[in-house]
>>> print(open('protein_36.cif').read())   # mmCIF, C-alpha atoms
data_protein
#
loop_
_atom_site.label_atom_id
_atom_site.label_comp_id
_atom_site.auth_asym_id
_atom_site.auth_seq_id
_atom_site.Cartn_x
_atom_site.Cartn_y
_atom_site.Cartn_z
CA MET M 103 59.11 -57.98 -34.85
CA SER M 104 58.07 -58.56 -38.45
CA THR M 105 55.72 -61.21 -39.72
CA VAL M 106 56.70 -63.52 -42.56
CA ILE M 107 54.13 -65.49 -44.52
CA GLN M 108 55.59 -68.84 -45.48
CA PRO M 109 54.58 -72.42 -46.31
CA TYR M 110 53.21 -74.28 -43.29
CA ARG M 111 55.79 -76.82 -42.12
CA GLN M 112 55.77 -79.43 -39.39
CA GLU M 113 57.85 -77.18 -37.12
CA HIS M 114 54.95 -74.65 -37.10
CA GLU M 115 52.40 -77.16 -35.79
CA PRO M 116 52.82 -76.29 -32.06
CA ALA M 117 52.47 -72.56 -32.86
CA VAL M 118 49.36 -73.28 -34.97
CA ALA M 119 47.88 -75.29 -32.07
CA GLU M 120 48.53 -72.30 -29.81
CA PHE M 121 46.99 -69.94 -32.42
CA ASN M 122 43.88 -72.16 -32.54
CA ARG M 123 43.70 -72.16 -28.74
CA ARG M 124 43.73 -68.34 -28.68
CA LEU M 125 41.03 -68.18 -31.39
CA ARG M 126 38.84 -70.68 -29.50
CA GLN M 127 39.22 -68.66 -26.31
CA GLY M 128 38.41 -65.41 -28.06
CA THR M 129 35.44 -66.40 -30.24
CA ALA M 130 32.33 -68.50 -29.97
CA ASP M 131 32.69 -69.94 -33.47
CA PRO M 132 34.13 -73.47 -33.33
CA ASN M 133 34.76 -73.39 -37.10
CA LEU M 134 37.53 -70.82 -36.72
CA VAL M 135 40.28 -73.38 -36.49
CA PHE M 136 43.23 -73.90 -38.81
CA PRO M 137 44.32 -77.47 -39.69
CA GLY M 138 46.65 -78.81 -37.03
CA ARG M 139 48.82 -80.74 -39.47
CA ALA M 140 51.13 -79.12 -41.99
CA ILE M 141 50.43 -81.89 -44.50
CA PRO M 142 46.76 -81.56 -45.48
CA ARG M 143 44.59 -84.58 -44.69
CA TRP M 144 42.35 -83.63 -47.62
CA LEU M 145 44.06 -83.36 -51.02
CA PRO M 146 47.74 -83.42 -50.00
CA TYR M 147 50.26 -82.60 -52.71
CA THR M 148 51.55 -85.78 -54.30
CA GLY M 149 53.35 -84.40 -57.32
CA LYS M 150 50.95 -86.16 -59.67
CA SER M 151 47.56 -85.03 -58.44
CA PRO M 152 45.66 -82.46 -60.57
CA VAL M 153 44.10 -80.97 -57.43
CA TRP M 154 45.83 -80.35 -54.12
CA ASN M 155 45.82 -78.23 -51.00
CA GLU M 156 48.67 -76.14 -49.63
CA PHE M 157 48.78 -74.12 -46.42
CA PHE M 158 50.57 -70.92 -45.44
CA VAL M 159 51.20 -69.37 -42.04
CA ALA M 160 52.01 -65.81 -40.98
CA VAL M 161 54.83 -66.23 -38.46
CA GLU M 162 55.86 -63.54 -36.00
CA GLU M 163 58.47 -65.59 -34.15
CA PRO M 164 57.61 -67.61 -32.16
CA PHE M 165 53.90 -67.05 -32.82
CA VAL M 166 51.58 -67.79 -35.72
CA ARG M 167 49.35 -64.74 -36.25
CA GLY M 168 47.41 -65.89 -39.29
CA ALA M 169 47.07 -68.63 -41.87
CA TYR M 170 45.31 -69.59 -45.09
CA GLY M 171 44.94 -72.44 -47.55
CA LEU M 172 45.03 -72.61 -51.33
CA LYS M 173 43.29 -75.41 -53.17
CA GLN M 174 45.06 -75.59 -56.52
CA GLU M 175 43.00 -77.03 -59.34
CA GLN M 176 42.43 -77.06 -63.07
CA ILE M 177 39.46 -75.02 -64.25
CA LEU M 178 37.96 -74.95 -67.72
CA PHE M 179 36.71 -71.62 -69.12
CA ARG M 180 34.44 -71.27 -72.15
CA ASP M 181 36.52 -70.19 -75.17
CA LYS M 182 39.57 -69.61 -72.96
CA GLY M 183 40.73 -73.14 -72.24
CA MET M 184 42.09 -74.72 -69.10
CA HIS M 185 43.89 -72.74 -66.39
CA GLN M 186 45.43 -73.51 -63.03
CA VAL M 187 43.36 -71.61 -60.45
CA ALA M 188 43.42 -71.54 -56.65
CA CYS M 189 40.67 -71.35 -54.10
CA TYR M 190 41.58 -69.17 -51.11
CA HIS M 191 40.18 -70.78 -47.98
CA HIS M 192 40.52 -71.14 -44.21
CA SER M 193 41.90 -67.61 -43.96
CA LEU M 194 42.26 -66.82 -40.27
CA SER M 195 43.83 -63.82 -38.60
CA GLU M 196 44.64 -63.02 -35.00
CA GLY M 197 42.86 -59.73 -35.82
CA ILE M 198 39.57 -61.57 -35.19
CA ILE M 199 40.32 -61.55 -31.48
CA ASP M 200 42.95 -58.83 -31.08
CA LYS M 201 42.79 -55.60 -33.08
CA THR M 202 46.55 -55.18 -32.77
CA TYR M 203 46.64 -57.68 -35.63
CA ALA M 204 43.99 -56.03 -37.84
CA ARG M 205 46.72 -55.74 -40.48
CA VAL M 206 47.17 -59.51 -40.86
CA GLY M 207 43.98 -60.13 -42.91
CA ALA M 208 45.12 -57.71 -45.65
CA SER M 209 48.60 -59.27 -45.72
CA LEU M 210 47.16 -62.78 -46.09
CA VAL M 211 44.95 -62.02 -49.06
CA ARG M 212 47.65 -59.95 -50.77
CA ASP M 213 50.11 -62.81 -50.25
CA ALA M 214 47.66 -65.30 -51.78
CA LEU M 215 47.12 -63.04 -54.80
CA ALA M 216 50.88 -62.74 -55.27
CA ARG M 217 51.20 -66.54 -55.28
CA GLN M 218 48.19 -67.11 -57.56
CA PRO M 219 46.51 -64.14 -59.30
CA LEU M 220 43.81 -66.49 -60.63
CA LEU M 221 42.09 -66.76 -57.28
CA TYR M 222 38.55 -67.37 -56.07
CA VAL M 223 36.87 -67.53 -52.70
CA LEU M 224 33.66 -69.39 -51.94
CA GLY M 225 31.13 -69.26 -49.11
CA MET M 226 31.93 -66.55 -46.56
CA GLY M 227 28.46 -66.41 -44.96
CA GLY M 228 27.15 -63.20 -46.55
CA PHE M 229 28.27 -59.82 -47.85
CA GLU M 230 28.31 -58.19 -44.41
CA ASN M 231 31.34 -60.19 -43.24
CA PRO M 232 34.87 -58.73 -43.33
CA LEU M 233 36.35 -61.03 -45.99
CA PRO M 234 33.85 -60.25 -48.79
CA LYS M 235 34.22 -56.54 -47.98
CA MET M 236 37.99 -56.86 -48.35
CA LEU M 237 37.66 -58.80 -51.59
CA LYS M 238 35.31 -56.18 -53.01
CA ALA M 239 37.84 -53.47 -52.15
CA LEU M 240 40.49 -55.51 -53.99
CA GLY M 241 38.37 -55.54 -57.14
CA PHE M 242 37.02 -59.08 -56.90
CA SER M 243 33.64 -59.66 -58.56
CA LEU M 244 31.18 -61.14 -56.10
CA THR M 245 28.05 -63.12 -56.96
CA LEU M 246 25.73 -65.23 -54.84
CA VAL M 247 25.43 -68.93 -55.61
CA PRO M 248 21.67 -69.67 -55.35
CA PHE M 249 20.50 -71.90 -52.50
CA TYR M 250 17.77 -74.51 -52.88
CA PHE M 251 16.07 -76.69 -50.29
CA ARG M 252 13.49 -79.46 -50.28
CA ILE M 253 11.55 -80.34 -47.17
CA VAL M 254 11.24 -84.11 -46.71
CA HIS M 255 9.53 -84.13 -43.31
CA PRO M 256 7.42 -80.93 -43.01
CA ARG M 257 6.41 -81.45 -39.35
CA LYS M 258 10.02 -81.83 -38.22
CA PHE M 259 11.04 -78.90 -40.42
CA LEU M 260 8.45 -76.61 -38.83
CA PHE M 261 9.48 -77.60 -35.31
CA GLU M 262 13.27 -77.63 -35.84
CA MET M 263 14.16 -75.02 -38.47
CA ASN M 264 15.79 -72.64 -36.00
CA ALA M 265 17.02 -70.30 -38.74
CA LEU M 266 13.36 -69.41 -39.45
CA ARG M 267 12.10 -69.56 -35.84
CA SER M 268 13.58 -66.16 -35.15
CA SER M 269 10.71 -64.44 -33.29
CA ARG M 270 7.99 -65.48 -30.86
CA TRP M 271 5.31 -64.98 -33.53
CA ARG M 272 7.15 -67.12 -36.05
CA VAL M 273 7.64 -69.88 -33.47
CA LEU M 274 3.95 -69.76 -32.63
CA LEU M 275 2.85 -69.88 -36.27
CA MET M 276 5.27 -72.67 -37.17
CA ASN M 277 4.19 -74.73 -34.13
CA LEU M 278 0.55 -74.20 -35.07
CA ALA M 279 1.16 -75.21 -38.69
CA ALA M 280 3.03 -78.32 -37.53
CA ALA M 281 0.50 -79.40 -34.92
CA SER M 282 -2.61 -78.81 -37.09
CA GLY M 283 -1.19 -80.54 -40.18
CA THR M 284 -1.80 -77.45 -42.36
CA GLY M 285 1.94 -76.94 -42.72
CA TRP M 286 2.40 -80.53 -43.90
CA LEU M 287 -0.44 -80.16 -46.42
CA ALA M 288 0.80 -76.84 -47.80
CA ILE M 289 4.42 -77.94 -48.19
CA LYS M 290 3.55 -81.30 -49.75
CA THR M 291 1.09 -79.67 -52.18
CA VAL M 292 3.62 -77.11 -53.40
CA GLN M 293 6.32 -79.76 -53.83
CA ALA M 294 4.03 -82.25 -55.58
CA ALA M 295 2.81 -79.57 -58.00
CA ALA M 296 6.38 -78.74 -58.95
CA ARG M 297 7.29 -82.40 -59.45
CA LEU M 298 4.23 -83.02 -61.62
CA ARG M 299 5.23 -80.25 -64.01
CA SER M 300 8.11 -82.38 -65.31
CA ARG M 301 8.33 -86.14 -65.04
CA PRO M 302 11.51 -87.62 -66.44
CA GLN M 303 10.95 -91.07 -67.93
CA ASP M 304 12.96 -94.26 -67.89
CA PHE M 305 16.01 -93.59 -65.83
CA VAL M 306 17.96 -95.84 -63.52
CA VAL M 307 19.72 -94.69 -60.35
CA GLU M 308 22.58 -96.70 -58.89
CA GLU M 309 25.14 -96.08 -56.22
CA VAL M 310 28.68 -96.52 -57.52
CA ASN M 311 31.98 -97.01 -55.70
CA GLU M 312 34.15 -95.31 -58.22
CA PHE M 313 34.24 -92.90 -61.12
CA SER M 314 35.80 -94.49 -64.22
CA SER M 315 35.81 -94.00 -68.00
CA TRP M 316 32.04 -93.39 -68.08
CA ALA M 317 32.68 -90.19 -66.03
CA ASP M 318 35.25 -89.05 -68.62
CA ASP M 319 32.59 -89.45 -71.31
CA LEU M 320 30.10 -87.38 -69.30
CA TRP M 321 32.70 -84.68 -68.62
CA SER M 322 33.46 -84.41 -72.34
CA ALA M 323 29.81 -84.42 -73.34
CA ALA M 324 28.69 -81.62 -70.99
CA LYS M 325 31.72 -79.37 -70.62
CA GLY M 326 30.57 -77.20 -73.53
CA THR M 327 27.43 -76.24 -71.62
CA VAL M 328 29.25 -74.35 -68.83
CA SER M 329 31.11 -71.04 -68.85
CA MET M 330 33.41 -72.24 -66.07
CA ALA M 331 33.86 -75.53 -64.22
CA ALA M 332 36.56 -77.15 -62.15
CA VAL M 333 37.61 -80.28 -64.01
CA ARG M 334 35.38 -83.21 -63.23
CA ASP M 335 36.99 -86.00 -65.23
CA ALA M 336 37.35 -89.49 -63.77
CA ASN M 337 40.91 -88.94 -62.54
CA THR M 338 39.98 -85.78 -60.60
CA LEU M 339 36.74 -87.27 -59.27
CA GLN M 340 38.60 -90.32 -57.94
CA ILE M 341 40.75 -87.94 -55.89
CA LEU M 342 37.87 -85.75 -54.70
CA TYR M 343 35.58 -88.67 -53.91
CA PRO M 344 37.75 -91.69 -53.06
CA LYS M 345 36.24 -95.16 -52.76
CA ASN M 346 36.71 -95.29 -49.00
CA ASP M 347 34.89 -91.99 -48.25
CA ARG M 348 32.59 -92.63 -45.30
CA PHE M 349 30.34 -89.60 -45.66
CA LEU M 350 29.58 -89.29 -49.36
CA THR M 351 27.59 -91.44 -51.78
CA CYS M 352 28.18 -91.31 -55.52
CA VAL M 353 25.08 -91.81 -57.61
CA ARG M 354 25.11 -92.60 -61.33
CA VAL M 355 22.00 -91.99 -63.41
CA SER M 356 21.49 -93.84 -66.69
CA ARG M 357 18.98 -93.99 -69.49
CA LYS M 358 18.70 -96.76 -72.09
CA SER M 359 21.57 -95.16 -74.00
CA GLY M 360 23.91 -95.42 -70.98
CA PRO M 361 25.06 -93.13 -68.15
CA VAL M 362 23.77 -89.57 -68.52
CA GLY M 363 24.93 -87.93 -65.29
CA TRP M 364 26.08 -88.31 -61.72
CA ALA M 365 25.64 -86.72 -58.33
CA VAL M 366 27.49 -86.88 -55.04
CA VAL M 367 25.28 -86.68 -51.97
CA GLY M 368 25.92 -86.75 -48.25
CA GLU M 369 24.57 -85.92 -44.83
CA ARG M 370 25.86 -82.68 -43.40
CA ARG M 371 27.25 -82.47 -39.92
CA LYS M 372 24.71 -81.35 -37.31
CA ASP M 373 24.11 -77.60 -37.10
CA VAL M 374 21.73 -77.08 -34.18
CA GLN M 375 21.82 -73.32 -34.48
CA LYS M 376 20.35 -73.41 -38.00
CA PHE M 377 18.64 -76.77 -38.38
CA GLY M 378 17.88 -77.95 -34.83
CA GLN M 379 17.88 -81.74 -34.58
CA MET M 380 17.06 -82.26 -38.26
CA ARG M 381 19.14 -84.58 -40.40
CA VAL M 382 20.18 -82.49 -43.38
CA GLY M 383 21.22 -84.06 -46.68
CA SER M 384 23.08 -82.22 -49.40
CA ILE M 385 23.41 -82.60 -53.15
CA VAL M 386 27.08 -81.76 -52.92
CA ASP M 387 28.12 -82.10 -56.53
CA CYS M 388 26.58 -83.11 -59.84
CA TRP M 389 27.27 -83.24 -63.55
CA ALA M 390 25.12 -83.75 -66.64
CA SER M 391 24.05 -82.05 -69.84
CA PRO M 392 21.03 -79.75 -69.32
CA GLU M 393 18.57 -82.24 -70.86
CA ASP M 394 19.61 -84.87 -68.30
CA MET M 395 19.81 -82.73 -65.17
CA LEU M 396 16.26 -83.50 -64.06
CA PRO M 397 16.73 -87.28 -63.69
CA VAL M 398 20.05 -86.65 -61.93
CA VAL M 399 18.35 -84.38 -59.37
CA ARG M 400 15.54 -86.93 -58.95
CA GLY M 401 18.07 -89.72 -58.45
CA ALA M 402 20.08 -87.74 -55.93
CA THR M 403 16.91 -86.78 -54.06
CA GLN M 404 15.65 -90.37 -53.94
CA THR M 405 18.97 -91.54 -52.52
CA LEU M 406 18.92 -88.91 -49.77
CA VAL M 407 15.23 -89.51 -48.93
CA LYS M 408 15.95 -93.24 -48.60
CA SER M 409 18.80 -92.46 -46.19
CA GLY M 410 16.30 -90.80 -43.84
CA VAL M 411 17.16 -87.09 -44.02
CA ASP M 412 14.55 -84.48 -43.03
CA LEU M 413 15.71 -81.69 -45.34
CA ILE M 414 17.79 -81.58 -48.54
CA VAL M 415 19.86 -78.56 -49.52
CA SER M 416 21.99 -77.63 -52.50
CA ASN M 417 23.87 -74.62 -53.84
CA GLN M 418 23.99 -74.43 -57.63
CA SER M 419 25.15 -71.52 -59.74
CA HIS M 420 24.14 -72.93 -63.14
CA SER M 421 20.60 -71.83 -63.98
CA ALA M 422 19.78 -75.16 -65.65
CA TRP M 423 20.56 -77.04 -62.41
CA GLY M 424 18.39 -74.48 -60.60
CA ARG M 425 15.47 -75.27 -62.93
CA ALA M 426 15.96 -79.02 -62.46
CA LEU M 427 15.88 -78.55 -58.68
CA GLU M 428 12.76 -76.38 -58.79
CA ASP M 429 11.06 -78.94 -61.06
CA SER M 430 11.85 -81.56 -58.41
CA GLY M 431 10.08 -79.76 -55.57
CA PHE M 432 13.00 -77.68 -54.33
CA LEU M 433 12.38 -74.11 -53.24
CA LYS M 434 14.82 -71.26 -53.64
CA GLY M 435 15.94 -69.78 -50.32
CA PRO M 436 18.13 -66.86 -49.28
CA SER M 437 21.77 -67.58 -50.07
CA THR M 438 24.84 -66.45 -48.16
CA PHE M 439 27.16 -68.56 -50.35
CA ILE M 440 29.30 -66.12 -52.32
CA PHE M 441 31.53 -66.80 -55.30
CA ALA M 442 34.25 -64.13 -55.47
CA ALA M 443 36.62 -64.03 -58.45
CA SER M 444 39.85 -62.02 -58.48
CA LYS M 445 40.39 -59.38 -61.17
CA LYS M 446 42.51 -61.76 -63.25
CA LEU M 447 40.01 -64.57 -62.90
CA THR M 448 37.15 -62.22 -63.80
CA GLU M 449 38.93 -61.48 -67.10
CA LEU M 450 38.55 -65.17 -67.95
CA LEU M 451 34.84 -65.03 -67.11
CA GLN M 452 34.00 -62.18 -69.48
CA PRO M 453 31.36 -61.33 -70.49
CA LEU M 454 30.50 -61.93 -66.83
CA GLU M 455 26.84 -60.85 -66.94
CA GLN M 456 26.20 -63.34 -69.73
CA ASN M 457 28.36 -66.11 -68.26
CA LYS M 458 27.47 -66.01 -64.60
CA THR M 459 24.32 -68.11 -64.92
CA SER M 460 26.29 -70.92 -66.55
CA LEU M 461 29.16 -71.11 -64.06
CA HIS M 462 29.25 -74.58 -62.56
CA VAL M 463 29.85 -73.90 -58.87
CA THR M 464 28.58 -76.26 -56.17
CA ARG M 465 29.27 -76.99 -52.51
CA ALA M 466 32.02 -79.33 -53.69
CA ASP M 467 34.08 -76.44 -54.96
CA GLY M 468 36.20 -74.48 -52.54
CA ASP M 469 36.91 -76.06 -49.18
CA GLY M 470 33.41 -77.60 -49.03
CA LEU M 471 34.68 -80.97 -47.90
CA PRO M 472 34.64 -82.94 -45.72
CA ARG M 473 31.14 -82.68 -44.21
CA ASN M 474 30.82 -78.91 -44.49
CA PHE M 475 28.66 -79.37 -47.54
CA MET P 13 54.59 -37.17 -45.11
CA TYR P 14 53.15 -37.66 -41.64
CA GLU P 15 50.55 -34.94 -42.31
CA GLN P 16 49.53 -36.52 -45.61
CA VAL P 17 49.16 -39.95 -44.05
CA ARG P 18 47.25 -38.46 -41.12
CA SER P 19 44.89 -36.78 -43.56
CA ILE P 20 44.27 -40.07 -45.42
CA VAL P 21 43.59 -41.91 -42.15
CA SER P 22 41.29 -39.10 -41.04
CA ASP P 23 39.27 -39.18 -44.27
CA LEU P 24 39.06 -42.95 -44.34
CA LEU P 25 38.09 -43.49 -40.71
CA ARG P 26 36.04 -40.28 -40.49
CA ILE P 27 37.92 -39.02 -37.45
CA PRO P 28 39.10 -35.42 -37.04
CA ALA P 29 42.80 -35.18 -37.91
CA ASP P 30 43.60 -33.57 -34.55
CA GLN P 31 42.49 -36.78 -32.84
CA ILE P 32 45.09 -38.78 -34.76
CA SER P 33 48.70 -39.00 -33.58
CA ALA P 34 51.80 -40.90 -34.66
CA ALA P 35 50.87 -43.53 -32.08
CA SER P 36 47.34 -44.03 -33.43
CA SER P 37 46.69 -47.63 -34.42
CA PRO P 38 43.90 -50.23 -34.66
CA GLU P 39 44.40 -50.77 -30.92
CA ASN P 40 43.29 -47.26 -29.99
CA ILE P 41 40.96 -46.32 -32.88
CA GLU P 42 37.69 -48.23 -32.78
CA ALA P 43 36.87 -47.80 -36.51
CA TRP P 44 40.26 -49.16 -37.64
CA ASP P 45 39.50 -52.82 -38.34
CA SER P 46 40.87 -55.34 -40.85
CA VAL P 47 38.66 -54.04 -43.67
CA GLN P 48 39.68 -50.43 -43.04
CA HIS P 49 43.31 -51.50 -42.85
CA LEU P 50 43.06 -52.87 -46.38
CA ASN P 51 41.22 -49.72 -47.51
CA LEU P 52 44.09 -47.72 -46.05
CA VAL P 53 46.62 -49.80 -47.99
CA LEU P 54 44.67 -49.21 -51.22
CA ALA P 55 44.30 -45.47 -50.51
CA LEU P 56 48.06 -45.11 -49.90
CA GLU P 57 48.87 -47.06 -53.05
CA GLU P 58 46.61 -44.84 -55.12
CA LYS P 59 47.72 -41.55 -53.56
CA PHE P 60 51.45 -42.26 -53.82
CA SER P 61 51.42 -44.56 -56.87
CA LEU P 62 53.18 -47.37 -55.08
CA GLN P 63 52.63 -51.06 -54.33
CA LEU P 64 52.83 -52.41 -50.79
CA SER P 65 53.94 -56.01 -50.29
CA PRO P 66 52.41 -58.29 -47.64
CA GLU P 67 55.53 -57.76 -45.50
CA GLU P 68 55.20 -53.97 -45.79
CA ILE P 69 51.50 -54.15 -44.95
CA ASP P 70 52.55 -55.99 -41.81
CA GLU P 71 54.86 -53.11 -40.86
CA MET P 72 51.91 -50.67 -40.84
CA LYS P 73 51.27 -50.83 -37.11
CA THR P 74 50.79 -47.13 -36.30
CA VAL P 75 50.27 -43.92 -38.24
CA GLY P 76 53.91 -43.06 -37.53
CA ASP P 77 55.07 -46.42 -38.90
CA ILE P 78 52.99 -45.89 -42.02
CA ALA P 79 54.42 -42.42 -42.68
CA HIS P 80 57.94 -43.77 -42.19
CA LEU P 81 57.29 -46.71 -44.53
CA VAL P 82 55.77 -44.60 -47.31
CA GLU P 83 58.52 -42.00 -47.04
CA GLY P 84 61.14 -44.73 -47.34
CA LYS P 85 59.46 -46.27 -50.37
CA LEU P 86 59.20 -42.95 -52.16
CA GLN P 87 62.92 -42.30 -51.67
CA VAL P 88 63.98 -45.64 -53.12
CA PRO P 89 63.73 -45.71 -56.92
CA PRO P 90 61.77 -48.75 -58.10
CA SER P 91 64.04 -51.60 -59.23
#
>>> encode(input="protein_36.cif", output="structure tokens")
Amino acid sequence: MSTVIQPYRQEHEPAVAEFNRRLRQGTADPNLVFPGRAIPRWLPYTGKSPVWNEFFVAVEEPFVRGAYGLKQEQILFRDKGMHQVACYHHSLSEGIIDKTYARVGASLVRDALARQPLLYVLGMGGFENPLPKMLKALGFSLTLVPFYFRIVHPRKFLFEMNALRSSRWRVLLMNLAAASGTGWLAIKTVQAAARLRSRPQDFVVEEVNEFSSWADDLWSAAKGTVSMAAVRDANTLQILYPKNDRFLTCVRVSRKSGPVGWAVVGERRKDVQKFGQMRVGSIVDCWASPEDMLPVVRGATQTLVKSGVDLIVSNQSHSAWGRALEDSGFLKGPSTFIFAASKKLTELLQPLEQNKTSLHVTRADGDGLPRNF
Amino acid sequence: MYEQVRSIVSDLLRIPADQISAASSPENIEAWDSVQHLNLVLALEEKFSLQLSPEEIDEMKTVGDIAHLVEGKLQVPPS
């Protein structure tokens, strides 16, 4: 019986449900689930939208043995203009649970490349996982998107940060630092020192319901400062961050001259394995010219602190955003968030070594929504 | 062709060739996982100067299947 990779249609939904059931039975990872509906809930194709999702399934009648998604979008490249690019996401193969189907993963990624040679993949949880190894073999260029975090409540962080409480000694030391108050003092001192280094003046932070012409102006003003960015004009932002979104807050930052930048922030879904019972906020997306990044980070941080989060995280590939975060008390942590560009896409990023610190990649790119930000 | 494919599989998976048969597959060779399957595709493409489609990759279920597939592709002139 041969397998055919084809667009996901309504008639495949029962087989996808069965595929998900087998994956759930065979693995402990609840995230390994493919969307149950053929029409994407997030970014469905409308014929007019500049950004949309499409799904494909590998069908070995009557079973689905694998699936993936492509997020099609417009991306701007320095000196090379605008191109339609796709993000490869949600790739799932029956090979995860049954080695008989080890071949499916290779078929899926080859199929995606045939449909869209300008392809990228984001996230993947570290270089040791199968997908980044496969992408490397296929000639993708892989770079880590730096990870930053800011501790809002040090005591809770020391007690709950399970990702760091990995040995009995660490647990003991972190409990001691939390109970004695030395941990609180050390963390607050480091963060305050960083914030004092740079103090942006005279900026106003406001939550907004909608991106409109002011966002177009900001897109135009800052797009020359990046080597690559998915389009973030008002039309695209209205689709990515609709007015009725329950989980995300859009923040506009202005100076006397008018709006200078924006950020989108939100509270991540609980992840007990990594963060215990902490409430974790994320600076999901942001946009500004380098000279205005600092007030935007400060505004985003203030909004999240006010909402009561214990820890704030952000992934930012552009070095200027990294500096703005570090000057706002964020620390750089180990990243497992990989940006992988296909051979064709890498050609548009040349010279890569020079351009990779000015790529604008955030948690909002890829499949980072909803709530997996 | 079978011998050539067997040799490629042996080199890639670091298994003596005499332990590989036409029925060898990811099911009965521990080291043959999804990453190695892709590496095998790339090694075959390089060795025989051919391109395997997603559908053809899906037909590569055993060493025997692979030898049969590659042999067939080499006999058909590219369109």
>>> closest_residue(input="protein_36.cif", among="M:Asp429, M:Asp181, M:Val135, M:Arg205", to="Ser193 of chain M", atoms="only C-alpha atoms")
M:Val135
>>> residues_around(input="protein_36.cif", residues="Ser33 of chain P", least_positions_apart="4", cutoff="10 Å", atoms="all atoms listed in the file", output="list of chain:residue names")
P:Tyr14, P:Glu15, P:Arg18, P:Ala29, P:Ser37, P:Thr74, P:Val75, P:Gly76
>>> resolve_selection(input="protein_36.cif", expression="the PyMOL selection byres ((chain P and resi 39) around 6)", output="ChimeraX atom specification")
/M:201-202 /P:37-38,40-41
>>> interface_residues(input="protein_36.cif", of="chain P", to="chain M", cutoff="7 Å", atoms="only C-alpha atoms", output="ChimeraX atom specification")
/P:38-39,45-47,49-51,66-67,69-71
>>> write_last_selection(input="protein_36.cif", atoms="C-alpha atoms", output="short mmCIF file (atom, residue, chain, number, x, y, z; two decimals), in the frame of the given file")
data_model
loop_
_atom_site.label_atom_id
_atom_site.label_comp_id
_atom_site.auth_asym_id
_atom_site.auth_seq_id
_atom_site.Cartn_x
_atom_site.Cartn_y
_atom_site.Cartn_z
CA PRO P 38 43.90 -50.23 -34.66
CA GLU P 39 44.40 -50.77 -30.92
CA ASP P 45 39.50 -52.82 -38.34
CA SER P 46 40.87 -55.34 -40.85
CA VAL P 47 38.66 -54.04 -43.67
CA HIS P 49 43.31 -51.50 -42.85
CA LEU P 50 43.06 -52.87 -46.38
CA ASN P 51 41.22 -49.72 -47.51
CA PRO P 66 52.41 -58.29 -47.64
CA GLU P 67 55.53 -57.76 -45.50
CA ILE P 69 51.50 -54.15 -44.95
CA ASP P 70 52.55 -55.99 -41.81
CA GLU P 71 54.86 -53.11 -40.86
#
>>> atom_distance(input="protein_36.cif", atom1="atom CA of Ala35 of chain P", atom2="atom CA of Ile78 of chain P")
10.4 Å
>>> resolve_selection(input="protein_36.cif", expression="the PyMOL selection byres ((chain M and resi 302) around 12)", output="PyMOL selection string")
chain M and resi 297-301+303-306+355-357+393-401+426+429-430
>>> atom_distance(input="protein_36.cif", atom1="atom CA of Met380 of chain M", atom2="atom CA of Val254 of chain M")
10.4 Å
>>> atom_distance(input="protein_36.cif", atom1="atom CA of Leu145 of chain M", atom2="atom CA of Asn346 of chain M")
14.2 Å
>>> residues_near_point(input="protein_36.cif", point="(23.2, -92.5, -57.9)", cutoff="9 Å", atoms="only C-alpha atoms", output="JSON, numbers by chain")
{"M": [306, 307, 308, 309, 310, 351, 352, 353, 354, 355, 363, 364, 365, 366, 367, 398, 401, 402, 404, 405]}
>>> closest_residue(input="protein_36.cif", among="P:Gln63, P:Gln87, P:Ser36, P:Gln48", to="Leu24 of chain P", atoms="only C-alpha atoms")
P:Gln48
>>> resolve_selection(input="protein_36.cif", expression="the PyMOL selection byres ((chain M and resi 278-280) around 9)", output="list in words")
Pro256, Arg257, Lys258, Phe259, Leu260, Phe261, Val273, Leu274, Leu275, Met276, Asn277, Ala281, Ser282, Gly283, Thr284, Gly285 and Trp286 of chain M
>>> closest_residue(input="protein_36.cif", among="P:Ile27, P:Val82, P:Ala43, P:Met72", to="Glu57 of chain P", atoms="all atoms listed in the file")
P:Val82
>>> closest_residue(input="protein_36.cif", among="M:Ala117, M:Ala331, M:Val382, M:Ala324", to="Asn457 of chain M", atoms="all atoms listed in the file")
M:Ala331
